[in-house]
file input-v2.tsv (TSV, C-alpha atoms)
chain	number	residue	atom	x	y	z
C	169	MET	CA	-17.90	9.39	-22.00
C	170	ILE	CA	-17.08	5.66	-21.85
C	171	TYR	CA	-13.88	5.12	-19.89
C	172	LEU	CA	-11.75	2.11	-20.90
C	173	ASP	CA	-8.38	3.32	-19.63
C	174	TYR	CA	-8.22	1.96	-16.08
C	175	ALA	CA	-4.60	0.86	-16.53
C	176	ALA	CA	-3.66	4.54	-16.91
C	177	THR	CA	-5.54	5.65	-13.80
C	178	THR	CA	-8.69	4.83	-11.87
C	179	PRO	CA	-11.46	7.03	-10.47
C	180	LEU	CA	-11.31	7.55	-6.74
C	181	HIS	CA	-13.29	4.90	-4.88
C	182	PRO	CA	-16.10	6.38	-2.70
C	183	GLN	CA	-14.69	4.47	0.26
C	184	ALA	CA	-11.30	6.13	-0.31
C	185	LEU	CA	-12.88	9.58	-0.53
C	186	ASP	CA	-14.73	9.01	2.76
C	187	HIS	CA	-11.52	7.98	4.49
C	188	TYR	CA	-9.66	10.97	3.07
C	189	GLN	CA	-12.25	13.39	4.41
C	190	GLN	CA	-12.30	11.75	7.83
C	191	ALA	CA	-8.51	11.66	8.10
C	192	ALA	CA	-8.09	15.22	6.84
C	193	GLN	CA	-10.50	16.45	9.50
C	194	SER	CA	-9.35	14.28	12.41
C	195	PHE	CA	-5.69	13.43	11.68
C	196	TYR	CA	-4.42	16.70	10.24
C	197	GLY	CA	-1.28	16.86	12.39
C	198	ASN	CA	2.25	16.44	11.06
C	199	SER	CA	3.15	12.81	11.73
C	200	SER	CA	6.66	13.90	12.78
C	201	SER	CA	5.43	16.34	15.43
C	202	LEU	CA	5.95	15.43	19.07
C	203	HIS	CA	2.58	16.62	20.39
C	204	ASP	CA	-0.50	14.44	20.71
C	205	ILE	CA	-2.11	15.64	17.46
C	206	GLY	CA	1.03	14.69	15.57
C	207	GLY	CA	1.11	11.41	17.46
C	208	ASP	CA	-2.43	10.59	16.29
C	209	ALA	CA	-1.35	11.13	12.68
C	210	GLU	CA	1.78	9.05	13.22
C	211	ARG	CA	-0.24	6.13	14.58
C	212	LEU	CA	-2.57	6.26	11.57
C	213	LEU	CA	0.48	6.25	9.30
C	214	GLU	CA	1.95	3.23	11.06
C	215	ARG	CA	-1.36	1.36	10.82
C	216	ALA	CA	-1.28	1.98	7.07
C	217	ARG	CA	2.29	0.72	6.87
C	218	HIS	CA	1.33	-2.38	8.86
C	219	TYR	CA	-1.64	-3.02	6.55
C	220	LEU	CA	0.57	-3.11	3.45
C	221	MET	CA	3.10	-5.35	5.19
C	222	GLN	CA	0.22	-7.71	5.99
C	223	GLN	CA	-1.04	-7.65	2.40
C	224	LEU	CA	2.45	-8.53	1.22
C	225	ALA	CA	2.74	-11.18	3.98
C	226	GLN	CA	6.11	-9.83	5.16
C	227	GLN	CA	7.64	-9.66	8.62
C	228	GLU	CA	11.10	-8.49	7.55
C	229	GLY	CA	11.75	-5.10	5.90
C	230	THR	CA	9.51	-2.07	5.74
C	231	VAL	CA	7.09	-0.09	3.57
C	232	ILE	CA	7.96	3.48	2.58
C	233	PHE	CA	5.26	5.80	1.25
C	234	THR	CA	6.28	7.82	-1.80
C	235	GLY	CA	4.87	10.46	-4.13
C	236	SER	CA	4.10	7.94	-6.90
C	237	GLY	CA	4.83	4.49	-8.22
C	238	SER	CA	7.48	6.05	-10.46
C	239	GLU	CA	9.25	7.57	-7.48
C	240	ALA	CA	9.03	4.23	-5.70
C	241	ASN	CA	10.81	2.59	-8.65
C	242	TYR	CA	13.46	5.32	-8.60
C	243	ILE	CA	14.14	4.90	-4.89
C	244	ALA	CA	14.17	1.10	-5.18
C	245	LEU	CA	16.64	0.99	-8.04
C	246	THR	CA	19.03	3.59	-6.68
C	247	HIS	CA	18.88	1.79	-3.34
C	248	LEU	CA	19.65	-1.67	-4.77
C	249	ILE	CA	22.40	-0.45	-7.10
C	250	ARG	CA	24.05	1.29	-4.15
C	251	GLN	CA	23.66	-1.86	-2.07
C	252	SER	CA	25.13	-4.21	-4.67
C	253	ASN	CA	28.86	-4.49	-5.25
C	254	LYS	CA	28.18	-4.93	-8.97
C	255	SER	CA	26.81	-2.20	-11.21
C	256	VAL	CA	25.36	-4.16	-14.17
C	257	VAL	CA	21.55	-4.38	-14.18
C	258	LEU	CA	19.38	-6.81	-16.14
C	259	THR	CA	15.84	-5.82	-17.11
C	260	LEU	CA	13.23	-6.11	-19.87
C	261	ARG	CA	13.38	-3.88	-22.91
C	262	CYS	CA	9.65	-3.22	-22.35
C	263	GLU	CA	9.89	-2.08	-18.73
C	264	HIS	CA	8.17	1.16	-17.73
C	265	ASP	CA	10.15	4.37	-18.24
C	266	SER	CA	10.23	4.87	-14.47
C	267	VAL	CA	12.57	1.85	-14.45
C	268	LEU	CA	14.48	2.39	-17.69
C	269	LEU	CA	15.25	6.09	-17.17
C	270	PRO	CA	16.75	5.75	-13.66
C	271	LEU	CA	18.81	2.81	-14.90
C	272	ALA	CA	20.17	4.95	-17.72
C	273	ARG	CA	21.48	7.34	-15.06
C	274	TRP	CA	22.47	5.05	-12.19
C	275	ALA	CA	23.60	1.75	-13.68
C	276	GLN	CA	27.07	1.39	-15.16
C	277	GLU	CA	25.55	-0.94	-17.74
C	278	THR	CA	21.99	-2.12	-18.42
C	279	ARG	CA	21.26	-5.30	-20.35
C	280	HIS	CA	17.81	-5.75	-21.87
C	281	LEU	CA	15.82	-8.93	-22.37
C	282	SER	CA	13.23	-9.54	-25.08
C	283	LEU	CA	10.17	-11.77	-24.73
C	284	LEU	CA	9.13	-14.89	-26.57
C	285	PRO	CA	6.78	-14.23	-29.53
C	286	ASP	CA	3.73	-15.28	-27.46
C	287	GLY	CA	4.55	-12.66	-24.81
C	288	THR	CA	5.92	-15.06	-22.21
C	289	PHE	CA	9.17	-14.58	-20.33
C	290	ASP	CA	12.17	-16.12	-22.09
C	291	TRP	CA	13.67	-18.14	-19.24
C	292	GLU	CA	16.54	-19.57	-21.28
C	293	GLN	CA	17.58	-16.11	-22.44
C	294	PHE	CA	17.34	-14.86	-18.85
C	295	VAL	CA	19.57	-17.59	-17.41
C	296	ALA	CA	22.11	-17.21	-20.21
C	297	THR	CA	22.25	-13.43	-19.73
C	298	CYS	CA	22.30	-13.56	-15.92
C	299	THR	CA	26.09	-13.77	-15.66
C	300	ASP	CA	28.31	-13.16	-12.65
C	301	GLU	CA	28.52	-9.46	-13.60
C	302	ILE	CA	24.83	-8.87	-12.84
C	303	GLY	CA	24.19	-7.15	-9.51
C	304	VAL	CA	20.50	-6.25	-9.83
C	305	VAL	CA	17.58	-7.70	-11.82
C	306	SER	CA	14.42	-5.61	-12.34
C	307	ILE	CA	11.39	-7.32	-13.90
C	308	GLN	CA	7.83	-5.99	-13.84
C	309	HIS	CA	4.95	-7.96	-12.36
C	310	VAL	CA	2.46	-7.09	-15.14
C	311	ASN	CA	3.26	-5.28	-18.37
C	312	SER	CA	1.29	-2.04	-18.59
C	313	ASP	CA	0.86	-2.10	-22.39
C	314	THR	CA	-0.46	-5.64	-22.78
C	315	GLY	CA	-1.23	-7.15	-19.37
C	316	PHE	CA	1.40	-9.88	-19.84
C	317	ARG	CA	2.17	-11.47	-16.46
C	318	PHE	CA	5.72	-12.56	-15.74
C	319	PRO	CA	7.01	-15.32	-13.38
C	320	VAL	CA	8.54	-12.86	-10.94
C	321	GLU	CA	8.41	-15.26	-7.98
C	322	ARG	CA	10.52	-17.80	-9.87
C	323	ILE	CA	12.85	-15.06	-11.12
C	324	ALA	CA	13.30	-13.71	-7.60
C	325	ALA	CA	14.08	-17.17	-6.20
C	326	TYR	CA	16.68	-17.70	-8.92
C	327	CYS	CA	18.25	-14.31	-8.21
C	328	GLN	CA	18.33	-15.06	-4.49
C	329	SER	CA	20.14	-18.34	-5.16
C	330	ARG	CA	22.75	-16.41	-7.16
C	331	GLY	CA	23.20	-13.55	-4.68
C	332	ILE	CA	21.59	-11.05	-7.08
C	333	LEU	CA	19.27	-8.34	-5.76
C	334	PHE	CA	15.77	-8.37	-7.27
C	335	HIS	CA	13.35	-5.48	-7.82
C	336	CYS	CA	9.81	-5.85	-9.15
C	337	ASP	CA	7.68	-3.01	-10.47
C	338	GLY	CA	4.31	-4.15	-9.15
C	339	VAL	CA	2.34	-1.04	-10.14
C	340	GLN	CA	0.05	-2.80	-12.64
C	341	GLY	CA	-0.21	-6.09	-10.75
C	342	PHE	CA	-0.61	-5.08	-7.10
C	343	LEU	CA	-3.92	-6.44	-5.73
C	344	LYS	CA	-4.94	-7.54	-9.24
C	345	ASP	CA	-2.82	-10.68	-9.39
C	346	ASP	CA	-1.78	-12.84	-6.44
C	347	ILE	CA	1.92	-12.68	-5.62
C	348	HIS	CA	4.34	-13.89	-2.96
C	349	ILE	CA	7.34	-11.63	-2.49
C	350	ASP	CA	9.37	-13.62	0.04
C	351	ALA	CA	12.46	-13.59	-2.23
C	352	PHE	CA	12.04	-9.97	-3.41
C	353	ASP	CA	14.38	-7.19	-2.31
C	354	ALA	CA	12.05	-4.41	-3.50
C	355	TYR	CA	8.43	-4.22	-4.72
C	356	THR	CA	6.64	-1.06	-5.81
C	357	MET	CA	2.96	-0.05	-5.69
C	358	SER	CA	0.83	2.90	-6.80
C	359	SER	CA	-2.30	4.34	-5.21
C	360	HIS	CA	-4.12	5.63	-8.29
C	361	LYS	CA	-3.99	2.23	-10.04
C	362	VAL	CA	-6.21	0.75	-7.30
C	363	TYR	CA	-8.83	3.53	-6.98
C	364	GLY	CA	-6.82	5.60	-4.51
C	365	PRO	CA	-5.70	9.24	-4.83
C	366	LYS	CA	-3.01	10.33	-7.27
C	367	GLY	CA	0.36	11.48	-5.98
C	368	LEU	CA	0.92	8.46	-3.71
C	369	GLY	CA	2.88	5.27	-4.05
C	370	ALA	CA	4.53	2.76	-1.79
C	371	LEU	CA	7.73	0.76	-1.79
C	372	TYR	CA	8.58	-2.43	0.05
C	373	LEU	CA	12.31	-2.69	0.87
C	374	ARG	CA	13.81	-5.71	2.59
C	375	ARG	CA	17.08	-4.19	3.81
C	376	SER	CA	18.59	-1.06	5.32
C	377	LEU	CA	17.69	2.27	3.81
C	378	PHE	CA	19.33	5.38	2.41
C	379	SER	CA	18.07	8.51	0.68
C	380	PRO	CA	18.66	8.95	-3.07
C	381	TYR	CA	18.03	12.70	-2.64
C	382	TYR	CA	19.43	14.31	0.50
C	383	GLU	CA	18.95	13.29	4.08
C	384	GLY	CA	15.33	14.14	4.85
C	385	HIS	CA	13.30	13.92	8.03
C	386	HIS	CA	10.39	11.75	6.90
C	387	GLU	CA	9.84	8.12	5.93
C	388	PHE	CA	12.97	6.89	7.73
C	389	GLY	CA	14.98	9.80	6.35
C	390	ILE	CA	14.46	8.68	2.74
C	391	ARG	CA	12.08	11.41	1.52
C	392	PRO	CA	11.86	15.13	2.17
C	393	GLY	CA	8.45	16.68	2.71
C	394	THR	CA	5.58	16.28	5.15
C	395	VAL	CA	3.84	12.91	4.78
C	396	ASP	CA	0.34	13.01	3.27
C	397	VAL	CA	-1.38	11.04	6.04
C	398	PRO	CA	-4.98	11.64	4.81
C	399	GLY	CA	-3.98	10.57	1.30
C	400	ILE	CA	-2.34	7.44	2.67
C	401	ALA	CA	-5.49	6.65	4.66
C	402	ALA	CA	-7.46	6.93	1.41
C	403	PHE	CA	-4.89	4.74	-0.38
C	404	ILE	CA	-5.33	2.00	2.22
C	405	ALA	CA	-9.13	2.23	2.03
C	406	ALA	CA	-8.88	1.88	-1.75
C	407	CYS	CA	-6.59	-1.14	-1.33
C	408	GLU	CA	-9.12	-2.86	0.87
C	409	ALA	CA	-11.95	-2.14	-1.58
C	410	THR	CA	-9.86	-3.36	-4.52
C	411	ARG	CA	-8.86	-6.52	-2.68
C	412	LEU	CA	-12.53	-7.40	-2.27
C	413	GLU	CA	-13.75	-6.26	-5.69
C	414	ASN	CA	-10.90	-7.40	-7.94
C	415	PRO	CA	-12.05	-11.04	-8.39
C	416	GLY	CA	-15.32	-9.75	-9.86
C	417	ILE	CA	-13.50	-7.21	-12.03
C	418	GLN	CA	-11.21	-9.90	-13.47
C	419	ASP	CA	-14.18	-12.23	-14.11
C	420	SER	CA	-15.98	-9.45	-15.97
C	421	SER	CA	-12.81	-8.62	-17.87
C	422	ARG	CA	-12.53	-12.18	-19.14
C	423	ARG	CA	-16.07	-11.84	-20.48
C	424	PHE	CA	-15.20	-8.54	-22.17
C	425	ARG	CA	-12.15	-10.11	-23.81
C	426	GLY	CA	-14.37	-12.90	-25.11
C	427	MET	CA	-16.74	-10.36	-26.65
C	428	LEU	CA	-13.85	-8.57	-28.34
C	429	LYS	CA	-12.34	-11.78	-29.69
C	430	LYS	CA	-15.68	-12.95	-31.02
C	431	THR	CA	-16.92	-9.79	-32.77
C	432	LEU	CA	-13.92	-7.55	-33.52
C	433	SER	CA	-13.05	-7.49	-37.22
C	434	SER	CA	-10.24	-10.03	-37.73
C	435	SER	CA	-9.17	-8.31	-40.95
C	436	ARG	CA	-8.48	-5.07	-39.07
C	437	TYR	CA	-7.43	-6.12	-35.58
C	438	VAL	CA	-5.71	-8.86	-33.62
C	439	ILE	CA	-5.78	-9.15	-29.84
C	440	ILE	CA	-2.28	-9.44	-28.40
C	441	GLU	CA	-2.33	-11.81	-25.45
C	442	SER	CA	-0.08	-14.15	-23.56
C	443	PRO	CA	-0.81	-17.56	-22.02
C	444	THR	CA	-0.17	-15.79	-18.69
C	445	GLN	CA	-2.40	-12.75	-19.01
C	446	LEU	CA	-4.04	-10.24	-16.66
C	447	ALA	CA	-7.58	-10.16	-18.02
C	448	SER	CA	-8.30	-6.49	-17.30
C	449	ILE	CA	-5.70	-5.15	-19.79
C	450	CYS	CA	-6.45	-5.88	-23.45
C	451	ALA	CA	-3.94	-4.88	-26.14
C	452	ILE	CA	-5.22	-4.72	-29.71
C	453	HIS	CA	-2.97	-4.49	-32.75
C	454	THR	CA	-4.45	-2.31	-35.48
C	455	LYS	CA	-3.37	-4.00	-38.70
C	456	GLN	CA	-4.29	-1.20	-41.08
C	457	ARG	CA	-3.89	1.99	-39.05
C	458	ASP	CA	-1.60	3.62	-36.53
C	459	GLY	CA	-2.78	3.04	-32.97
C	460	GLN	CA	-3.13	6.75	-32.28
C	461	TYR	CA	-5.42	7.09	-35.31
C	462	ALA	CA	-7.78	4.52	-33.78
C	463	LEU	CA	-7.44	6.15	-30.34
C	464	LEU	CA	-8.49	9.55	-31.69
C	465	ALA	CA	-11.39	8.03	-33.65
C	466	LEU	CA	-12.63	6.36	-30.47
C	467	ASN	CA	-12.21	9.61	-28.55
C	468	ARG	CA	-14.39	11.45	-31.10
C	469	ALA	CA	-17.01	8.76	-30.51
C	470	GLY	CA	-16.87	9.38	-26.75
C	471	ILE	CA	-14.70	6.39	-25.80
C	472	ALA	CA	-11.43	6.81	-23.86
C	473	VAL	CA	-8.66	4.27	-24.49
C	474	SER	CA	-4.88	4.60	-24.79
C	475	ALA	CA	-2.08	3.64	-27.15
C	476	GLY	CA	0.00	2.14	-24.36
C	477	SER	CA	1.42	3.60	-21.18
C	478	ALA	CA	0.03	7.04	-20.37
C	479	CYS	CA	3.56	8.13	-19.45
C	480	ARG	CA	4.36	8.01	-23.18
C	481	ALA	CA	1.17	9.69	-24.38
C	482	GLY	CA	1.82	11.91	-27.39
C	483	GLU	CA	5.00	10.05	-28.35
C	484	ASN	CA	4.32	8.33	-31.64
C	485	GLY	CA	7.24	5.91	-31.52
C	486	PRO	CA	7.04	2.13	-31.90
C	487	ASN	CA	5.63	0.33	-28.88
C	488	ALA	CA	8.42	-1.27	-26.85
C	489	THR	CA	6.37	-4.32	-25.85
C	490	LEU	CA	5.40	-5.11	-29.44
C	491	ARG	CA	9.06	-4.72	-30.41
C	492	ALA	CA	10.01	-7.08	-27.56
C	493	ILE	CA	7.79	-9.86	-29.00
C	494	GLY	CA	9.15	-9.48	-32.52
C	495	PHE	CA	7.04	-6.84	-34.31
C	496	ASP	CA	9.04	-4.75	-36.75
C	497	GLU	CA	9.29	-1.00	-36.15
C	498	SER	CA	6.50	-0.08	-38.57
C	499	ALA	CA	4.00	-2.64	-37.23
C	500	ALA	CA	4.86	-1.73	-33.62
C	501	HIS	CA	3.06	1.62	-34.06
C	502	GLY	CA	-0.29	-0.15	-34.27
C	503	LEU	CA	-1.30	-0.65	-30.63
C	504	ILE	CA	-4.34	0.45	-28.70
C	505	ARG	CA	-4.95	-0.60	-25.12
C	506	LEU	CA	-8.35	-1.17	-23.57
C	507	SER	CA	-8.38	-1.65	-19.81
C	508	PHE	CA	-11.40	-2.49	-17.72
C	509	GLY	CA	-12.49	-1.59	-14.22
C	510	ARG	CA	-15.26	-1.64	-11.66
C	511	HIS	CA	-17.66	0.47	-13.77
C	512	THR	CA	-17.17	-1.26	-17.15
C	513	THR	CA	-20.30	-2.81	-18.68
C	514	ASN	CA	-21.17	-5.13	-21.57
C	515	GLU	CA	-22.92	-2.24	-23.31
C	516	GLU	CA	-19.77	-0.12	-23.21
C	517	ILE	CA	-17.72	-2.91	-24.78
C	518	GLU	CA	-20.36	-3.41	-27.46
C	519	GLN	CA	-20.25	0.31	-28.32
C	520	CYS	CA	-16.46	0.22	-28.47
C	521	ILE	CA	-16.54	-2.79	-30.82
C	522	ASP	CA	-19.08	-1.06	-33.07
C	523	VAL	CA	-16.84	2.01	-33.40
C	524	LEU	CA	-13.67	-0.02	-33.99
C	525	ASN	CA	-15.37	-2.05	-36.71
C	526	THR	CA	-16.43	1.13	-38.56
C	527	ILE	CA	-13.09	2.98	-38.49
C	528	SER	CA	-11.95	3.41	-42.07

call {"tool": "encode", "arguments": {"input": "input-v2.tsv", "output": "structure tokens"}}
result
Amino acid sequence: MIYLDYAATTPLHPQALDHYQQAAQSFYGNSSSLHDIGGDAERLLERARHYLMQQLAQQEGTVIFTGSGSEANYIALTHLIRQSNKSVVLTLRCEHDSVLLPLARWAQETRHLSLLPDGTFDWEQFVATCTDEIGVVSIQHVNSDTGFRFPVERIAAYCQSRGILFHCDGVQGFLKDDIHIDAFDAYTMSSHKVYGPKGLGALYLRRSLFSPYYEGHHEFGIRPGTVDVPGIAAFIAACEATRLENPGIQDSSRRFRGMLKKTLSSSRYVIIESPTQLASICAIHTKQRDGQYALLALNRAGIAVSAGSACRAGENGPNATLRAIGFDESAAHGLIRLSFGRHTTNEEIEQCIDVLNTIS
């Protein structure tokens, strides 16, 4: 089967698998144990933490390993809302559910921003809405449905100047798009988006920590449960491989987008893209059909794509990102997402185009 759904998850990198096997065999101790075997695991864990701090170019703060990018977002938001003396949060209406759902529970009030029609961040709307009541701003690095990139460094600097805490969901952008997080209060990452194992994420936090659950004994008391040191070793190996391979992946992705724009039927499809776009995520609006209809037709032809975030798979509601750029509710059902990775080839894109152009 042709796999064009790398934004949903990625296959485990061989380098990550090798590191997992080595760590599982040699560093199997509990990293909280006081004996030497536990100490070996703890040192490997701290090397992994140091690696991510280096990748983020941070001296202040710390990295916490989590069970997923979604959990990292949950911990970050609950942490910042607790830390702020204001309980109103400002975010995008097209943020990932792992941001919107915690905010629905934890924030006293959440205000939602739309985007400009071309998919860019509406700075004037942001400044006008960023009143003195706002305690936390949460804006994603890269939108998972479309690949839109947002000016999170500028947003963070503005928030810092106003005394507002800033969180960025970096799950889709981490190691795929350069970023400087010096003004960020929290930044989240996910292992399985960068060819690492599933069930692992990471969170950068700038300030003091607390647990949103109950007081645990691991990861600075923030999380209960024994730390998955071999999985974290594999995550770091995948990060290093992705760091080296991503420039080539993005170059290839730009070529794939060009092929789609040149040969995809303009009467049936339009590519949704922003002037600030991550090349490896390609959103296509299906003018004549529901996006899930096209997805299932591609699946029957042996091609795996999605109709947006995999966390909403099976929900046939209007796409939040299309709604945020002005599509009406009916038209916002017509999205399919192609996302490219290290194994994607020209031939696979050509086959996908052929199938899309024959869907009736």

call {"tool": "residues_around", "arguments": {"input": "input-v2.tsv", "residues": "C:Phe316", "least_positions_apart": "6", "cutoff": "6 Å", "atoms": "all atoms listed in the file", "output": "ChimeraX atom specification"}}
result
/C:310,442,445

call {"tool": "residues_around", "arguments": {"input": "input-v2.tsv", "residues": "C:Leu260", "least_positions_apart": "3", "cutoff": "10 Å", "atoms": "only C-alpha atoms", "output": "ChimeraX atom specification"}}
result
/C:263-264,267-268,278-283,289,294,305-308,488-489,492

call {"tool": "residues_near_point", "arguments": {"input": "input-v2.tsv", "point": "(13.3, -6.7, 1.8)", "cutoff": "12 Å", "atoms": "all atoms listed in the file", "output": "PyMOL selection string"}}
result
chain C and resi 221+224-232+244+247-248+324+328+333-336+349-356+371-377

call {"tool": "closest_residue", "arguments": {"input": "input-v2.tsv", "among": "C:Ile390, C:Ala401, C:Met357, C:Ile347", "to": "C:Tyr188", "atoms": "all atoms listed in the file"}}
result
C:Ala401

call {"tool": "residues_near_point", "arguments": {"input": "input-v2.tsv", "point": "(-7.0, -15.0, -17.9)", "cutoff": "7 Å", "atoms": "all atoms listed in the file", "output": "list in words"}}
result
Arg422, Thr444, Gln445, Leu446 and Ala447 of chain C

call {"tool": "write_last_selection", "arguments": {"input": "input-v2.tsv", "atoms": "C-alpha atoms", "output": "PDB file, in the frame of the given file"}}
result
ATOM      1  CA  ARG C 422     -12.530 -12.180 -19.140  1.00  0.00           C
ATOM      2  CA  THR C 444      -0.170 -15.790 -18.690  1.00  0.00           C
ATOM      3  CA  GLN C 445      -2.400 -12.750 -19.010  1.00  0.00           C
ATOM      4  CA  LEU C 446      -4.040 -10.240 -16.660  1.00  0.00           C
ATOM      5  CA  ALA C 447      -7.580 -10.160 -18.020  1.00  0.00           C
TER       6      ALA C 447
END

call {"tool": "atom_distance", "arguments": {"input": "input-v2.tsv", "atom1": "atom CA of C:Pro486", "atom2": "atom CA of C:Gly502"}}
result
8.0 Å

call {"tool": "closest_residue", "arguments": {"input": "input-v2.tsv", "among": "C:Ala296, C:Val304, C:Ile452, C:Leu524", "to": "C:Trp274", "atoms": "all atoms listed in the file"}}
result
C:Val304

call {"tool": "closest_residue", "arguments": {"input": "input-v2.tsv", "among": "C:Trp291, C:Tyr174, C:Tyr363, C:Tyr437", "to": "C:Ala405", "atoms": "all atoms listed in the file"}}
result
C:Tyr363

call {"tool": "closest_residue", "arguments": {"input": "input-v2.tsv", "among": "C:Leu432, C:Ile243, C:Met427, C:Ile302", "to": "C:Val523", "atoms": "all atoms listed in the file"}}
result
C:Leu432

call {"tool": "closest_residue", "arguments": {"input": "input-v2.tsv", "among": "C:Cys450, C:Leu412, C:Ile249, C:Cys327", "to": "C:Lys429", "atoms": "all atoms listed in the file"}}
result
C:Cys450

call {"tool": "residues_around", "arguments": {"input": "input-v2.tsv", "residues": "C:Ala499", "least_positions_apart": "4", "cutoff": "10 Å", "atoms": "all atoms listed in the file", "output": "list in words"}}
result
His453, Thr454, Lys455, Gln456, Arg457, Asp458, Gly459, Pro486, Asn487, Leu490, Arg491, Gly494, Phe495 and Leu503 of chain C

call {"tool": "atom_distance", "arguments": {"input": "input-v2.tsv", "atom1": "atom CA of C:Ala370", "atom2": "atom CA of C:Thr234"}}
result
5.4 Å

call {"tool": "build_atoms", "arguments": {"input": "input-v2.tsv", "residues": "stretch 288-294 of chain C", "atoms": "all heavy atoms", "output": "compact mmCIF listing (two decimals), in the coordinates of the input"}}
result
# COMPACT_ATOMS: atom_id res chain seq x y z
N THR C 288 5.45 -14.47 -23.45
CA THR C 288 5.92 -15.06 -22.21
C THR C 288 7.39 -14.74 -21.98
O THR C 288 8.12 -14.38 -22.89
CB THR C 288 5.71 -16.58 -22.19
OG1 THR C 288 6.29 -17.15 -23.36
CG2 THR C 288 4.22 -16.91 -22.15
N PHE C 289 7.80 -14.88 -20.73
CA PHE C 289 9.17 -14.58 -20.33
C PHE C 289 10.10 -15.64 -20.88
O PHE C 289 9.84 -16.84 -20.78
CB PHE C 289 9.24 -14.54 -18.80
CG PHE C 289 10.56 -14.10 -18.25
CD1 PHE C 289 10.92 -12.76 -18.26
CD2 PHE C 289 11.43 -15.03 -17.70
CE1 PHE C 289 12.14 -12.35 -17.73
CE2 PHE C 289 12.65 -14.63 -17.16
CZ PHE C 289 13.00 -13.30 -17.19
N ASP C 290 11.20 -15.20 -21.48
CA ASP C 290 12.17 -16.12 -22.09
C ASP C 290 13.16 -16.57 -21.01
O ASP C 290 14.19 -15.93 -20.78
CB ASP C 290 12.89 -15.41 -23.24
CG ASP C 290 13.74 -16.36 -24.07
OD1 ASP C 290 14.13 -17.42 -23.55
OD2 ASP C 290 14.02 -16.04 -25.25
N TRP C 291 12.85 -17.69 -20.37
CA TRP C 291 13.67 -18.14 -19.24
C TRP C 291 15.09 -18.51 -19.68
O TRP C 291 16.07 -18.21 -18.98
CB TRP C 291 12.99 -19.32 -18.55
CG TRP C 291 13.69 -19.69 -17.28
CD1 TRP C 291 14.60 -20.67 -17.09
CD2 TRP C 291 13.54 -19.03 -16.02
NE1 TRP C 291 15.04 -20.68 -15.79
CE2 TRP C 291 14.41 -19.69 -15.11
CE3 TRP C 291 12.76 -17.97 -15.55
CZ2 TRP C 291 14.51 -19.32 -13.77
CZ3 TRP C 291 12.86 -17.59 -14.22
CH2 TRP C 291 13.73 -18.26 -13.35
N GLU C 292 15.21 -19.17 -20.81
CA GLU C 292 16.54 -19.57 -21.28
C GLU C 292 17.42 -18.36 -21.56
O GLU C 292 18.61 -18.34 -21.21
CB GLU C 292 16.42 -20.45 -22.53
CG GLU C 292 15.82 -21.82 -22.26
CD GLU C 292 15.83 -22.70 -23.49
OE1 GLU C 292 16.40 -22.26 -24.53
OE2 GLU C 292 15.29 -23.82 -23.43
N GLN C 293 16.84 -17.33 -22.19
CA GLN C 293 17.58 -16.11 -22.44
C GLN C 293 17.98 -15.45 -21.11
O GLN C 293 19.10 -14.96 -20.96
CB GLN C 293 16.76 -15.14 -23.29
CG GLN C 293 17.47 -13.84 -23.60
CD GLN C 293 16.53 -12.77 -24.13
OE1 GLN C 293 15.32 -12.85 -23.97
NE2 GLN C 293 17.09 -11.75 -24.77
N PHE C 294 17.07 -15.46 -20.16
CA PHE C 294 17.34 -14.86 -18.85
C PHE C 294 18.52 -15.55 -18.17
O PHE C 294 19.47 -14.89 -17.72
CB PHE C 294 16.09 -14.95 -17.98
CG PHE C 294 16.32 -14.64 -16.53
CD1 PHE C 294 16.70 -13.38 -16.11
CD2 PHE C 294 16.15 -15.63 -15.57
CE1 PHE C 294 16.92 -13.09 -14.76
CE2 PHE C 294 16.36 -15.36 -14.23
CZ PHE C 294 16.74 -14.10 -13.83
